[in-house]
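Novice: Just protein-v4.tsv, nothing more (TSV, C-alpha atoms and all ligand atoms):
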```tsv
chain	number	residue	atom	x	y	z
A	1	MET	CA	125.39	98.64	91.86
A	2	LYS	CA	123.05	99.44	88.98
A	3	ILE	CA	119.46	100.04	90.00
A	4	SER	CA	117.03	98.14	87.80
A	5	PRO	CA	113.54	99.42	86.99
A	6	VAL	CA	112.07	96.71	89.24
A	7	MET	CA	114.23	97.84	92.16
A	8	ARG	CA	113.20	101.43	91.49
A	9	GLU	CA	109.55	100.42	91.48
A	10	TYR	CA	109.93	98.89	94.95
A	11	LEU	CA	111.59	102.08	96.16
A	12	GLY	CA	108.75	104.16	94.73
A	13	GLU	CA	106.17	102.05	96.50
A	14	ILE	CA	108.07	102.25	99.78
A	15	TYR	CA	108.30	106.03	99.46
A	16	ARG	CA	104.58	106.21	98.79
A	17	LEU	CA	103.80	104.18	101.90
A	18	GLU	CA	106.25	106.21	104.01
A	19	HIS	CA	104.47	109.39	102.95
A	20	SER	CA	100.95	108.03	102.96
A	21	PRO	CA	98.53	110.38	104.77
A	22	ASP	CA	97.15	107.49	106.83
A	23	GLY	CA	100.65	106.93	108.22
A	24	ALA	CA	100.34	103.15	108.24
A	25	GLY	CA	104.08	102.57	107.74
A	26	VAL	CA	105.79	100.15	105.38
A	27	ALA	CA	104.65	96.57	105.93
A	28	THR	CA	106.00	93.68	103.85
A	29	SER	CA	102.47	92.36	103.32
A	30	VAL	CA	101.22	95.70	102.01
A	31	LEU	CA	104.20	95.99	99.66
A	32	ALA	CA	103.54	92.48	98.37
A	33	GLU	CA	99.93	93.34	97.69
A	34	ARG	CA	100.72	96.64	95.99
A	35	LEU	CA	103.42	95.15	93.78
A	36	GLU	CA	101.53	91.93	93.12
A	37	VAL	CA	104.34	89.67	94.28
A	38	SER	CA	104.75	87.21	97.15
A	39	PRO	CA	105.82	88.39	100.62
A	40	SER	CA	108.97	86.23	100.33
A	41	ALA	CA	109.89	88.02	97.09
A	42	VAL	CA	109.51	91.32	98.95
A	43	VAL	CA	111.81	90.14	101.74
A	44	ARG	CA	114.46	89.07	99.20
A	45	MET	CA	114.23	92.38	97.36
A	46	LEU	CA	114.45	94.38	100.60
A	47	ARG	CA	117.70	92.55	101.35
A	48	ARG	CA	119.08	93.41	97.89
A	49	LEU	CA	118.06	97.05	98.23
A	50	ASP	CA	119.64	97.17	101.67
A	51	GLU	CA	122.90	95.79	100.24
A	52	ALA	CA	122.74	98.38	97.45
A	53	GLY	CA	122.56	101.16	100.04
A	54	MET	CA	119.05	102.19	99.04
A	55	LEU	CA	117.40	101.49	102.37
A	56	THR	CA	117.88	100.04	105.80
A	57	HIS	CA	115.70	97.16	106.78
A	58	VAL	CA	115.61	95.28	110.04
A	59	PRO	CA	113.47	92.17	109.42
A	60	TYR	CA	110.06	92.38	111.09
A	61	GLN	CA	110.74	96.04	111.77
A	62	ASP	CA	110.92	99.26	109.87
A	63	VAL	CA	112.05	99.96	106.34
A	64	ASN	CA	113.79	103.31	105.87
A	65	LEU	CA	114.95	104.76	102.58
A	66	THR	CA	118.44	106.28	102.46
A	67	PRO	CA	118.79	109.67	100.68
A	68	GLN	CA	119.97	107.78	97.58
A	69	GLY	CA	117.02	105.39	97.83
A	70	GLU	CA	114.70	108.36	98.12
A	71	ARG	CA	116.09	109.90	94.93
A	72	GLU	CA	115.50	106.69	92.99
A	73	ALA	CA	112.03	106.39	94.53
A	74	ILE	CA	111.08	109.88	93.36
A	75	ARG	CA	112.21	109.01	89.82
A	76	SER	CA	109.92	106.00	89.86
A	77	ILE	CA	107.00	108.04	91.18
A	78	ARG	CA	107.52	110.66	88.50
A	79	ARG	CA	107.45	108.02	85.79
A	80	HIS	CA	104.36	106.34	87.20
A	81	ARG	CA	102.34	109.54	87.53
A	82	LEU	CA	103.41	110.81	84.11
A	83	LEU	CA	102.32	107.51	82.61
A	84	GLU	CA	98.95	107.88	84.31
A	85	VAL	CA	98.41	111.34	82.81
A	86	PHE	CA	99.58	110.19	79.39
A	87	LEU	CA	97.23	107.20	79.46
A	88	VAL	CA	94.26	109.41	80.37
A	89	LYS	CA	94.99	112.50	78.29
A	90	VAL	CA	96.54	111.05	75.19
A	91	MET	CA	95.32	107.48	75.07
A	92	GLY	CA	91.84	108.00	76.47
A	93	PHE	CA	91.91	105.52	79.32
A	94	GLY	CA	89.69	106.12	82.32
A	95	TRP	CA	91.27	107.29	85.56
A	96	ASP	CA	90.10	104.04	87.09
A	97	GLU	CA	92.19	101.99	84.65
A	98	VAL	CA	95.53	103.73	84.60
A	99	HIS	CA	97.16	102.58	87.81
A	100	GLU	CA	97.04	99.00	86.53
A	101	GLN	CA	98.16	99.92	82.99
A	102	ALA	CA	101.01	102.13	84.21
A	103	HIS	CA	102.22	99.45	86.59
A	104	GLY	CA	103.53	97.26	83.75
A	105	LEU	CA	104.78	100.13	81.56
A	106	ASP	CA	106.81	101.62	84.43
A	107	LEU	CA	109.34	98.87	83.91
A	108	VAL	CA	109.81	98.98	80.16
A	109	ILE	CA	109.79	102.56	78.89
A	110	THR	CA	113.02	104.52	78.40
A	111	ASP	CA	113.94	107.93	79.79
A	112	GLU	CA	113.37	109.46	76.34
A	113	PHE	CA	109.92	107.90	76.19
A	114	GLU	CA	109.23	109.49	79.56
A	115	ASP	CA	110.35	112.93	78.34
A	116	ARG	CA	108.13	112.66	75.26
A	117	MET	CA	105.13	111.67	77.37
A	118	ASP	CA	105.78	114.69	79.56
A	119	ALA	CA	105.82	116.99	76.52
A	120	VAL	CA	102.78	115.59	74.69
A	121	SER	CA	100.79	115.62	77.94
A	122	GLY	CA	101.58	119.34	78.34
A	123	TYR	CA	104.06	119.08	81.22
A	124	PRO	CA	101.46	118.09	83.83
A	125	THR	CA	102.02	118.85	87.51
A	126	HIS	CA	99.57	116.33	88.96
A	127	CYS	CA	98.42	112.80	88.17
A	128	PRO	CA	94.74	112.18	87.41
A	129	HIS	CA	94.16	111.32	91.07
A	130	GLY	CA	95.64	114.63	92.20
A	131	ASP	CA	99.04	113.46	93.42
A	132	PRO	CA	101.90	115.83	92.56
A	133	ILE	CA	104.32	114.75	89.84
A	134	PRO	CA	107.93	115.22	90.98
A	135	THR	CA	110.05	117.41	88.73
A	136	LYS	CA	112.92	115.96	86.74
A	137	GLU	CA	115.28	117.42	89.30
A	138	GLY	CA	113.52	115.46	92.04
A	139	GLY	CA	111.50	118.30	93.59
A	140	ILE	CA	108.05	117.44	94.79
A	141	ALA	CA	105.29	119.96	95.42
A	142	GLU	CA	103.82	120.13	98.88
A	143	VAL	CA	100.17	119.17	99.26
A	144	ASN	CA	97.94	121.13	101.55
A	145	ASP	CA	94.88	118.98	101.81
A	146	GLN	CA	93.03	117.19	104.53
A	147	PRO	CA	90.54	114.35	104.74
A	148	LEU	CA	87.09	115.42	103.54
A	149	LEU	CA	85.69	113.80	106.66
A	150	GLU	CA	87.52	116.37	108.78
A	151	ALA	CA	86.07	119.34	106.88
A	152	PRO	CA	83.51	121.26	108.94
A	153	VAL	CA	79.87	121.43	107.94
A	154	GLY	CA	79.43	124.69	106.01
A	155	GLY	CA	83.07	124.64	104.92
A	156	SER	CA	84.08	125.13	101.29
A	157	GLY	CA	87.07	123.81	99.50
A	158	VAL	CA	88.44	122.10	96.44
A	159	ILE	CA	88.88	118.37	95.98
A	160	ARG	CA	92.63	117.85	95.66
A	161	ARG	CA	93.25	114.12	95.82
A	162	VAL	CA	91.42	110.86	95.65
A	163	LYS	CA	93.33	108.15	97.47
A	164	THR	CA	92.17	104.83	96.14
A	165	ASP	CA	92.95	102.36	93.37
A	166	ASP	CA	89.48	100.86	93.65
A	167	GLY	CA	88.14	101.12	90.10
A	168	GLU	CA	84.49	101.05	91.12
A	169	LYS	CA	84.92	103.92	93.55
A	170	LEU	CA	86.84	105.93	90.95
A	171	ARG	CA	84.20	105.35	88.28
A	172	TYR	CA	81.42	106.35	90.64
A	173	LEU	CA	83.22	109.50	91.75
A	174	ALA	CA	83.82	110.47	88.12
A	175	GLU	CA	80.12	109.90	87.39
A	176	LEU	CA	79.25	112.32	90.17
A	177	GLY	CA	81.89	114.78	88.98
A	178	LEU	CA	83.73	114.56	92.30
A	179	VAL	CA	87.24	114.70	90.87
A	180	PRO	CA	90.38	116.71	91.74
A	181	GLY	CA	89.92	120.40	91.01
A	182	THR	CA	86.18	120.42	91.74
A	183	PRO	CA	85.01	123.04	94.26
A	184	ILE	CA	82.72	121.62	96.90
A	185	ARG	CA	80.84	122.66	100.02
A	186	VAL	CA	79.89	120.40	102.89
A	187	LEU	CA	76.18	120.97	103.44
A	188	HIS	CA	75.37	118.46	106.10
A	189	ARG	CA	76.76	115.48	107.90
A	190	ALA	CA	74.49	113.02	109.67
A	191	ARG	CA	75.53	112.20	113.22
A	192	PHE	CA	77.49	109.09	114.16
A	193	ASN	CA	79.54	108.86	110.96
A	194	GLY	CA	76.46	109.19	108.84
A	195	PRO	CA	76.40	110.20	105.19
A	196	LEU	CA	77.68	113.50	103.93
A	197	ARG	CA	75.70	115.94	101.81
A	198	LEU	CA	77.89	117.89	99.42
A	199	GLN	CA	77.40	120.64	96.94
A	200	ALA	CA	79.55	120.45	93.83
A	201	GLY	CA	78.75	123.22	91.36
A	202	LYS	CA	74.97	123.35	91.05
A	203	GLN	CA	74.54	119.75	92.07
A	204	GLU	CA	74.04	118.12	95.41
A	205	HIS	CA	75.26	114.66	96.28
A	206	VAL	CA	74.90	112.41	99.26
A	207	ILE	CA	77.86	110.13	99.76
A	208	GLY	CA	78.63	107.50	102.38
A	209	THR	CA	81.58	107.51	104.75
A	210	GLU	CA	83.37	104.78	102.81
A	211	LEU	CA	83.52	106.98	99.74
A	212	ALA	CA	84.18	110.22	101.64
A	213	GLN	CA	87.13	108.51	103.28
A	214	VAL	CA	89.18	108.40	100.07
A	215	MET	CA	88.73	112.09	99.29
A	216	ARG	CA	91.05	114.88	100.38
A	217	VAL	CA	90.18	118.56	100.14
A	218	GLU	CA	91.92	121.88	100.45
A	219	LEU	CA	89.67	124.13	102.49
A	220	THR	CA	89.15	127.67	101.30
A	221	SER	CA	86.75	128.75	104.04
B	1	ZN	ZN	97.63	108.65	90.30
```
Show me the file's structure as structure tokens.
Ligand SMILES: [Zn+2]
Specialist:
Amino acid sequence: MKISPVMREYLGEIYRLEHSPDGAGVATSVLAERLEVSPSAVVRMLRRLDEAGMLTHVPYQDVNLTPQGEREAIRSIRRHRLLEVFLVKVMGFGWDEVHEQAHGLDLVITDEFEDRMDAVSGYPTHCPHGDPIPTKEGGIAEVNDQPLLEAPVGGSGVIRRVKTDDGEKLRYLAELGLVPGTPIRVLHRARFNGPLRLQAGKQEHVIGTELAQVMRVELTS
């Protein structure tokens, strides 16, 4: 069976949920929300993908990608993240806008278009949000980061990923300069999940738990 771009997009989203650091698993409702379709459309597509040998799905239970499904998923993720970089670097979109823009383009561009985007964007290794871009061969770099909220007070590190599609949060973080690649130090954390005081370069910022929650850092000390 030929895998359509839409099918591949589902597989990519399932892979993303399977590997999500919060480990929430793959729920039909979450897939429906992420792909902006109805839950019944998700159920129908899961059946098709199961028949195509891309995954195994027991209704109301788990969804598991087969090795073949995983390969297709990684292709979809590569395309999506490359599109994000292209839209930011070449087309000048904000990092808060690109998930939405890329979502539609994922389905229509050709493989050659994808290769060109890769080249004109300078063969990027990470998307604007810090997620690794799989190689053409399907390899995917390991990420060694942890939730910012688990970093000790006094600890230093580098922001590696920002895990949200919430445009307002992304815009605010960009305003503060708290983006992937920025070195930070945790200066203070108020007790009982209170706000966090961070040093980023010469600046200090106080951010709330809700914002800190979406940030992942690689600790250096
Ligand atoms: Zn991204």
Novice: Measuring atom to atom with only C-alpha atoms, identify which of A:Ile133, A:Val153, A:Ala41, A:Leu65 is nearest to Arg197 (chain A).
Specialist: A:Val153
Novice: Could you tell me which of A:His205, A:His129, A:Arg171, A:Arg160 comes closest to Leu219 (chain A) if we count only C-alpha atoms?
Specialist: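 That would be A:Arg160, the residue with the smallest distance to Leu219 (chain A).
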Novice: Using all atoms listed in the file, find each residue with an atom at most 6 Å away from ligand ZN 1 (chain B) and format the answer as an mmCIF file with C-alpha atoms, in the frame of the given file.
Specialist:
```cif
data_model
loop_
_atom_site.group_PDB
_atom_site.id
_atom_site.type_symbol
_atom_site.label_atom_id
_atom_site.label_comp_id
_atom_site.auth_asym_id
_atom_site.auth_seq_id
_atom_site.Cartn_x
_atom_site.Cartn_y
_atom_site.Cartn_z
ATOM 1 C CA ARG A 81 102.340 109.540 87.530
ATOM 2 C CA CYS A 127 98.420 112.800 88.170
ATOM 3 C CA PRO A 128 94.740 112.180 87.410
ATOM 4 C CA HIS A 129 94.160 111.320 91.070
ATOM 5 C CA ASP A 131 99.040 113.460 93.420
#
```
Novice: Separation of CA of Ala174 (chain A) and CA of Thr209 (chain A), in Å?
Specialist: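 That distance, rounded to one decimal, is 17.0 Å.
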Novice: Would you mind listing what lies within 9 Å of Glu218 (chain A) as a list in words, with all atoms listed in the file counted and same-chain residues fewer than 4 positions away left out?
Specialist: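 My reading of the contact set: Val143, Asn144, Asp145, Gln146, Pro147, Leu148, Ser156, Gly157, Val158, Ile159 and Arg160 of chain A.
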Novice: Mind checking which residues fall within 12 Å of region 104-115 of chain A, counting only C-alpha atoms, ignoring those fewer than 2 positions away in the same chain, and posting them as an MDAnalysis selection string?
Specialist: chainID A and resid 3:10 12 35:36 75:87 98:102 117:124 135:136
Novice: Using only C-alpha atoms, pick whichever of A:Arg185, A:Arg216, A:Ser38, A:Leu17 has the shortest atom-to-atom distance to Glu204 (chain A).
Specialist: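 That would be A:Arg185, the residue with the smallest distance to Glu204 (chain A).
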Novice: Nearest to Leu173 (chain A) among A:Leu211, A:Leu49, A:Leu11, A:Val217, with distances taken over only C-alpha atoms: which residue is it?
Specialist: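 Comparing A:Leu211, A:Leu49, A:Leu11, A:Val217 against Leu173 (chain A), the winner is A:Leu211.
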Novice: Which is closer to Val214 (chain A) than all the others in A:Gly130, A:Gly69, A:Pro152, A:Gly138, using only C-alpha atoms?
Specialist: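 Looking only at the distances to Val214 (chain A), the closest residue turns out to be A:Gly130.
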Novice: Given the choices A:Arg71, A:Ile14, A:Lys202, A:Met1, which gets closest to Ser29 (chain A) if the distance is worked out from all atoms listed in the file?
Specialist: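 Checking each candidate against Ser29 (chain A), we get A:Ile14 as the closest.
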Novice: Taking (109.0, 89.5, 101.1) in the file's coordinates, which residues come within 12 Å, counting all atoms listed in the file, written as a list of chain:residue names?
Specialist: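 Those residues, ordered by chain and then number, are A:Tyr10, A:Val26, A:Ala27, A:Thr28, A:Ser29, A:Val30, A:Leu31, A:Ala32, A:Glu33, A:Leu35, A:Glu36, A:Val37, A:Ser38, A:Pro39, A:Ser40, A:Ala41, A:Val42, A:Val43, A:Arg44, A:Met45, A:Leu46, A:Arg47, A:Arg48, A:His57, A:Pro59, A:Tyr60.
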Novice: Please write as a list in words the list of polymer residues whose atoms come within 8 Å of (88.8, 106.7, 85.0), counting all atoms listed in the file and keeping to the coordinates of the file.
Specialist: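 Counting all atoms listed in the file, I find these residues within 8 Å of (88.8, 106.7, 85.0): Val88, Phe93, Gly94, Trp95, Asp96, Glu97, Val98, Gly167, Leu170, Arg171 and Ala174 of chain A.
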